[in-house]
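What follows is a short report on a single structure.
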Amino acid sequence: MNKAERERSRIQREQIRKRNLRIVKFLGAGVLVIVAVSLFASALSGFASSPEEENTSSGQLNISVGSSSVSVSSSPTPSPTPADPRLSDPLLVLVNSENPLPEGWHVTPKTIAGEEQVDESVYDDLSALLAAASEDNVTLWIASSYRSVELQQEILDRAVNERVSQEGMTEEAALEDALRTINRPGYSEHHTGLAVDFNDVSDDFEETEAYQWLEEHAAEYGFVQRYKKSKVAITGIDNESWHYRYVGKEYAQEMERLGLCLEEYRDYLKNGSKSA
Ligand SMILES: [Zn+2]
């Protein structure tokens, strides 16, 4: 090999080396693109099949198999019933053992009949009810109405202590027993400012003329007996002849006509007022 040949050979090797380098760079970039695309695709399919995104009510069921997503459609797809606007009416607010007082609930307390307080939305109808009872020579007074969460805690603590000290119950049994008629703080309808306990808050109230009068007239003034004997299984609260809830005249009269307690009435509205 002479000098010229060696030089040519060197140039060829150099050209081959450069070409190989270009191929390696090209392949490397291609691999990067493939990795990026597959990462993106798996992120997308992961997102589509995450449990939070599943919407079974629309008839769509996303089943995740490995990193791919299979969509199964059931037909016909039911269109969701638009919610009855009455369900968000504050007068129909549901506060029970499963539904705490809604956050941001606002009471404007107004003093009635001396020292008790109710929300101002109740004031006029409750005043009229008390006046009408008085006119009919029926003795009716408000024993308890609006209660803050703090006051409810005091009432519950007192009831538990009484059962422990006077009846020798264990703390646990006393709490369980007390919760049969006293709601957990935050879960009492009295927090709404829309509930009223009448007279001596005792089972004997059911035998009084005042109770008979309320049975006949409460709905005319927008009140319903909230916890009835026949509804214990639904409300989870023992019969309370003395506890009335203000829902306004229109709802009270419809609930009475249909024979529904508040839980049932809300379900009735949810179902598009179809089943009673
Ligand atoms: Zn009550």
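By order of appearance in the structure tokens: chains A, B, ..., then residues from 1 within every chain, and ligands from 1 in the order shown.
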
Check the DSSP output for the backbone and give back, as an mmCIF file with N, CA and C atoms, in the first residue's frame, the residues of range 68-168 of chain A in alpha helix (DSSP H).
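What landed in result.cif:
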```
data_model
loop_
_atom_site.group_PDB
_atom_site.id
_atom_site.type_symbol
_atom_site.label_atom_id
_atom_site.label_comp_id
_atom_site.auth_asym_id
_atom_site.auth_seq_id
_atom_site.Cartn_x
_atom_site.Cartn_y
_atom_site.Cartn_z
ATOM 1 N N GLU A 120 -85.505 32.895 61.900
ATOM 2 C CA GLU A 120 -86.525 33.908 61.608
ATOM 3 C C GLU A 120 -87.555 33.433 60.576
ATOM 4 N N SER A 121 -87.177 32.438 59.741
ATOM 5 C CA SER A 121 -88.117 31.929 58.731
ATOM 6 C C SER A 121 -89.298 31.188 59.375
ATOM 7 N N VAL A 122 -89.117 30.762 60.624
ATOM 8 C CA VAL A 122 -90.142 29.987 61.339
ATOM 9 C C VAL A 122 -91.050 30.905 62.157
ATOM 10 N N TYR A 123 -90.528 32.065 62.482
ATOM 11 C CA TYR A 123 -91.132 32.926 63.505
ATOM 12 C C TYR A 123 -92.618 33.225 63.279
ATOM 13 N N ASP A 124 -92.979 33.695 62.106
ATOM 14 C CA ASP A 124 -94.366 34.118 61.870
ATOM 15 C C ASP A 124 -95.354 32.956 61.996
ATOM 16 N N ASP A 125 -95.033 31.838 61.353
ATOM 17 C CA ASP A 125 -95.950 30.696 61.398
ATOM 18 C C ASP A 125 -96.029 30.088 62.799
ATOM 19 N N LEU A 126 -94.923 30.066 63.508
ATOM 20 C CA LEU A 126 -94.939 29.511 64.865
ATOM 21 C C LEU A 126 -95.728 30.431 65.805
ATOM 22 N N SER A 127 -95.560 31.723 65.628
ATOM 23 C CA SER A 127 -96.338 32.680 66.435
ATOM 24 C C SER A 127 -97.826 32.481 66.189
ATOM 25 N N ALA A 128 -98.196 32.306 64.921
ATOM 26 C CA ALA A 128 -99.601 32.117 64.564
ATOM 27 C C ALA A 128 -100.141 30.810 65.155
ATOM 28 N N LEU A 129 -99.298 29.768 65.128
ATOM 29 C CA LEU A 129 -99.697 28.478 65.694
ATOM 30 C C LEU A 129 -99.962 28.606 67.198
ATOM 31 N N LEU A 130 -99.042 29.260 67.906
ATOM 32 C CA LEU A 130 -99.204 29.422 69.357
ATOM 33 C C LEU A 130 -100.445 30.253 69.672
ATOM 34 N N ALA A 131 -100.683 31.289 68.874
ATOM 35 C CA ALA A 131 -101.856 32.145 69.095
ATOM 36 C C ALA A 131 -103.148 31.371 68.860
ATOM 37 N N ALA A 132 -103.164 30.538 67.801
ATOM 38 C CA ALA A 132 -104.364 29.765 67.479
ATOM 39 C C ALA A 132 -104.637 28.726 68.562
ATOM 40 N N ALA A 133 -103.578 28.092 69.065
ATOM 41 C CA ALA A 133 -103.748 27.099 70.137
ATOM 42 C C ALA A 133 -104.333 27.784 71.367
ATOM 43 N N SER A 134 -103.779 28.934 71.681
ATOM 44 C CA SER A 134 -104.244 29.686 72.840
ATOM 45 C C SER A 134 -105.721 30.065 72.686
ATOM 46 N N GLU A 135 -106.089 30.445 71.494
ATOM 47 C CA GLU A 135 -107.471 30.814 71.216
ATOM 48 C C GLU A 135 -108.417 29.620 71.413
ATOM 49 N N VAL A 149 -74.320 23.461 68.288
ATOM 50 C CA VAL A 149 -73.647 22.161 68.396
ATOM 51 C C VAL A 149 -73.057 21.999 69.809
ATOM 52 N N GLU A 150 -72.544 23.085 70.363
ATOM 53 C CA GLU A 150 -71.940 23.043 71.708
ATOM 54 C C GLU A 150 -72.995 22.685 72.754
ATOM 55 N N LEU A 151 -74.161 23.300 72.623
ATOM 56 C CA LEU A 151 -75.229 23.019 73.583
ATOM 57 C C LEU A 151 -75.684 21.561 73.466
ATOM 58 N N GLN A 152 -75.738 21.043 72.247
ATOM 59 C CA GLN A 152 -76.124 19.651 72.036
ATOM 60 C C GLN A 152 -75.135 18.713 72.743
ATOM 61 N N GLN A 153 -73.859 19.063 72.691
ATOM 62 C CA GLN A 153 -72.835 18.251 73.361
ATOM 63 C C GLN A 153 -73.076 18.251 74.869
ATOM 64 N N GLU A 154 -73.426 19.411 75.426
ATOM 65 C CA GLU A 154 -73.716 19.493 76.868
ATOM 66 C C GLU A 154 -74.910 18.626 77.234
ATOM 67 N N ILE A 155 -75.943 18.673 76.391
ATOM 68 C CA ILE A 155 -77.156 17.892 76.655
ATOM 69 C C ILE A 155 -76.856 16.392 76.635
ATOM 70 N N LEU A 156 -76.054 15.983 75.664
ATOM 71 C CA LEU A 156 -75.700 14.561 75.547
ATOM 72 C C LEU A 156 -74.851 14.123 76.742
ATOM 73 N N ASP A 157 -73.872 14.936 77.109
ATOM 74 C CA ASP A 157 -72.999 14.608 78.240
ATOM 75 C C ASP A 157 -73.811 14.460 79.522
ATOM 76 N N ARG A 158 -74.753 15.376 79.708
ATOM 77 C CA ARG A 158 -75.592 15.355 80.908
ATOM 78 C C ARG A 158 -76.425 14.065 80.957
ATOM 79 N N ALA A 159 -76.998 13.706 79.810
ATOM 80 C CA ALA A 159 -77.845 12.504 79.747
ATOM 81 C C ALA A 159 -77.027 11.238 80.019
ATOM 82 N N VAL A 160 -75.805 11.204 79.511
ATOM 83 C CA VAL A 160 -74.946 10.036 79.730
ATOM 84 C C VAL A 160 -74.574 9.948 81.211
ATOM 85 N N ASN A 161 -74.182 11.077 81.781
ATOM 86 C CA ASN A 161 -73.798 11.098 83.202
ATOM 87 C C ASN A 161 -74.939 10.656 84.107
ATOM 88 N N GLU A 162 -76.151 11.118 83.785
ATOM 89 C CA GLU A 162 -77.333 10.729 84.564
ATOM 90 C C GLU A 162 -77.527 9.216 84.539
ATOM 91 N N ARG A 163 -77.408 8.632 83.374
ATOM 92 C CA ARG A 163 -77.607 7.188 83.239
ATOM 93 C C ARG A 163 -76.524 6.401 83.970
ATOM 94 N N VAL A 164 -75.325 6.922 83.955
ATOM 95 C CA VAL A 164 -74.220 6.248 84.644
ATOM 96 C C VAL A 164 -74.409 6.338 86.159
ATOM 97 N N SER A 165 -74.708 7.548 86.634
ATOM 98 C CA SER A 165 -74.772 7.741 88.094
ATOM 99 C C SER A 165 -76.084 7.244 88.707
ATOM 100 N N GLN A 166 -77.190 7.412 87.990
ATOM 101 C CA GLN A 166 -78.481 7.033 88.591
ATOM 102 C C GLN A 166 -78.926 5.625 88.243
ATOM 103 N N GLU A 167 -78.546 5.152 87.093
ATOM 104 C CA GLU A 167 -79.020 3.829 86.684
ATOM 105 C C GLU A 167 -77.908 2.791 86.634
#
```

Let me have all residues with an atom within 7 Å of ligand 1, counting only C-alpha atoms and all ligand atoms, laid out as an mmCIF file with N, CA and C atoms, in the first residue's frame.
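Writing done, so here's result_20.cif:
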```
data_model
loop_
_atom_site.group_PDB
_atom_site.id
_atom_site.type_symbol
_atom_site.label_atom_id
_atom_site.label_comp_id
_atom_site.auth_asym_id
_atom_site.auth_seq_id
_atom_site.Cartn_x
_atom_site.Cartn_y
_atom_site.Cartn_z
ATOM 1 N N SER A 144 -87.979 23.649 73.890
ATOM 2 C CA SER A 144 -86.635 23.688 73.320
ATOM 3 C C SER A 144 -86.750 23.946 71.823
ATOM 4 N N HIS A 190 -82.268 20.256 65.686
ATOM 5 C CA HIS A 190 -82.389 21.521 66.417
ATOM 6 C C HIS A 190 -81.324 22.543 65.983
ATOM 7 N N ALA A 195 -86.588 23.330 64.196
ATOM 8 C CA ALA A 195 -87.239 22.297 65.017
ATOM 9 C C ALA A 195 -87.672 22.858 66.362
ATOM 10 N N VAL A 196 -88.786 22.342 66.833
ATOM 11 C CA VAL A 196 -89.350 22.816 68.098
ATOM 12 C C VAL A 196 -89.818 21.625 68.936
ATOM 13 N N ASP A 197 -89.465 21.619 70.226
ATOM 14 C CA ASP A 197 -90.005 20.636 71.159
ATOM 15 C C ASP A 197 -91.071 21.336 71.993
ATOM 16 N N HIS A 243 -91.749 16.585 69.265
ATOM 17 C CA HIS A 243 -90.774 17.229 68.376
ATOM 18 C C HIS A 243 -91.395 17.513 67.000
#
```

Requested in this report: Tell me, as an NGL selection string, which residues lie within 10 Å of Lys249 in chain A, counting only C-alpha atoms; anything in the same chain fewer than 4 positions away does not count.
Outcome: :A and (125 or 218-224 or 253-255)

Pull N, CA and C atoms from the residues just selected and write them as an mmCIF file, in the first residue's frame.
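In the end it all went to again_20.cif:
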```cif
data_model
loop_
_atom_site.group_PDB
_atom_site.id
_atom_site.type_symbol
_atom_site.label_atom_id
_atom_site.label_comp_id
_atom_site.auth_asym_id
_atom_site.auth_seq_id
_atom_site.Cartn_x
_atom_site.Cartn_y
_atom_site.Cartn_z
ATOM 1 N N ASP A 125 -95.033 31.838 61.353
ATOM 2 C CA ASP A 125 -95.950 30.696 61.398
ATOM 3 C C ASP A 125 -96.029 30.088 62.799
ATOM 4 N N ALA A 218 -101.086 21.277 63.066
ATOM 5 C CA ALA A 218 -99.658 21.638 62.850
ATOM 6 C C ALA A 218 -99.349 21.926 61.378
ATOM 7 N N ALA A 219 -99.831 21.073 60.480
ATOM 8 C CA ALA A 219 -99.509 21.237 59.051
ATOM 9 C C ALA A 219 -100.057 22.546 58.480
ATOM 10 N N GLU A 220 -101.168 23.017 59.048
ATOM 11 C CA GLU A 220 -101.737 24.297 58.584
ATOM 12 C C GLU A 220 -100.746 25.441 58.798
ATOM 13 N N TYR A 221 -99.846 25.262 59.775
ATOM 14 C CA TYR A 221 -98.863 26.299 60.091
ATOM 15 C C TYR A 221 -97.456 25.906 59.615
ATOM 16 N N GLY A 222 -97.374 24.845 58.823
ATOM 17 C CA GLY A 222 -96.085 24.463 58.241
ATOM 18 C C GLY A 222 -95.246 23.493 59.054
ATOM 19 N N PHE A 223 -95.873 22.838 60.064
ATOM 20 C CA PHE A 223 -95.111 21.923 60.917
ATOM 21 C C PHE A 223 -95.540 20.464 60.725
ATOM 22 N N VAL A 224 -94.557 19.554 60.878
ATOM 23 C CA VAL A 224 -94.868 18.119 60.873
ATOM 24 C C VAL A 224 -94.266 17.478 62.123
ATOM 25 N N GLN A 253 -98.245 20.158 54.288
ATOM 26 C CA GLN A 253 -99.554 19.619 53.896
ATOM 27 C C GLN A 253 -99.416 18.477 52.896
ATOM 28 N N GLU A 254 -98.421 18.574 52.017
ATOM 29 C CA GLU A 254 -98.233 17.471 51.066
ATOM 30 C C GLU A 254 -97.686 16.227 51.768
ATOM 31 N N MET A 255 -96.755 16.429 52.685
ATOM 32 C CA MET A 255 -96.206 15.295 53.440
ATOM 33 C C MET A 255 -97.301 14.604 54.231
#
```

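DSSP secondary structure from the backbone places A:Ser64, A:Val65, A:Ser68, A:Ser69, A:Val70, A:Ser71, A:Val72, A:Ser73, A:Pro109, A:Lys110, A:Thr111, A:Ile112, A:Glu116, A:Gln117, A:Val118, A:Asp119, A:Ile142, A:Ala143, A:Ser144, A:Ala195, A:Val196, A:Asp197, A:Phe198 of range 64-215 of chain A in strand (DSSP E).
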
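Closest approach to Tyr187 in chain A among A:Ala143, A:Leu94, A:Ala113, A:Leu260: A:Leu94, based on only C-alpha atoms.
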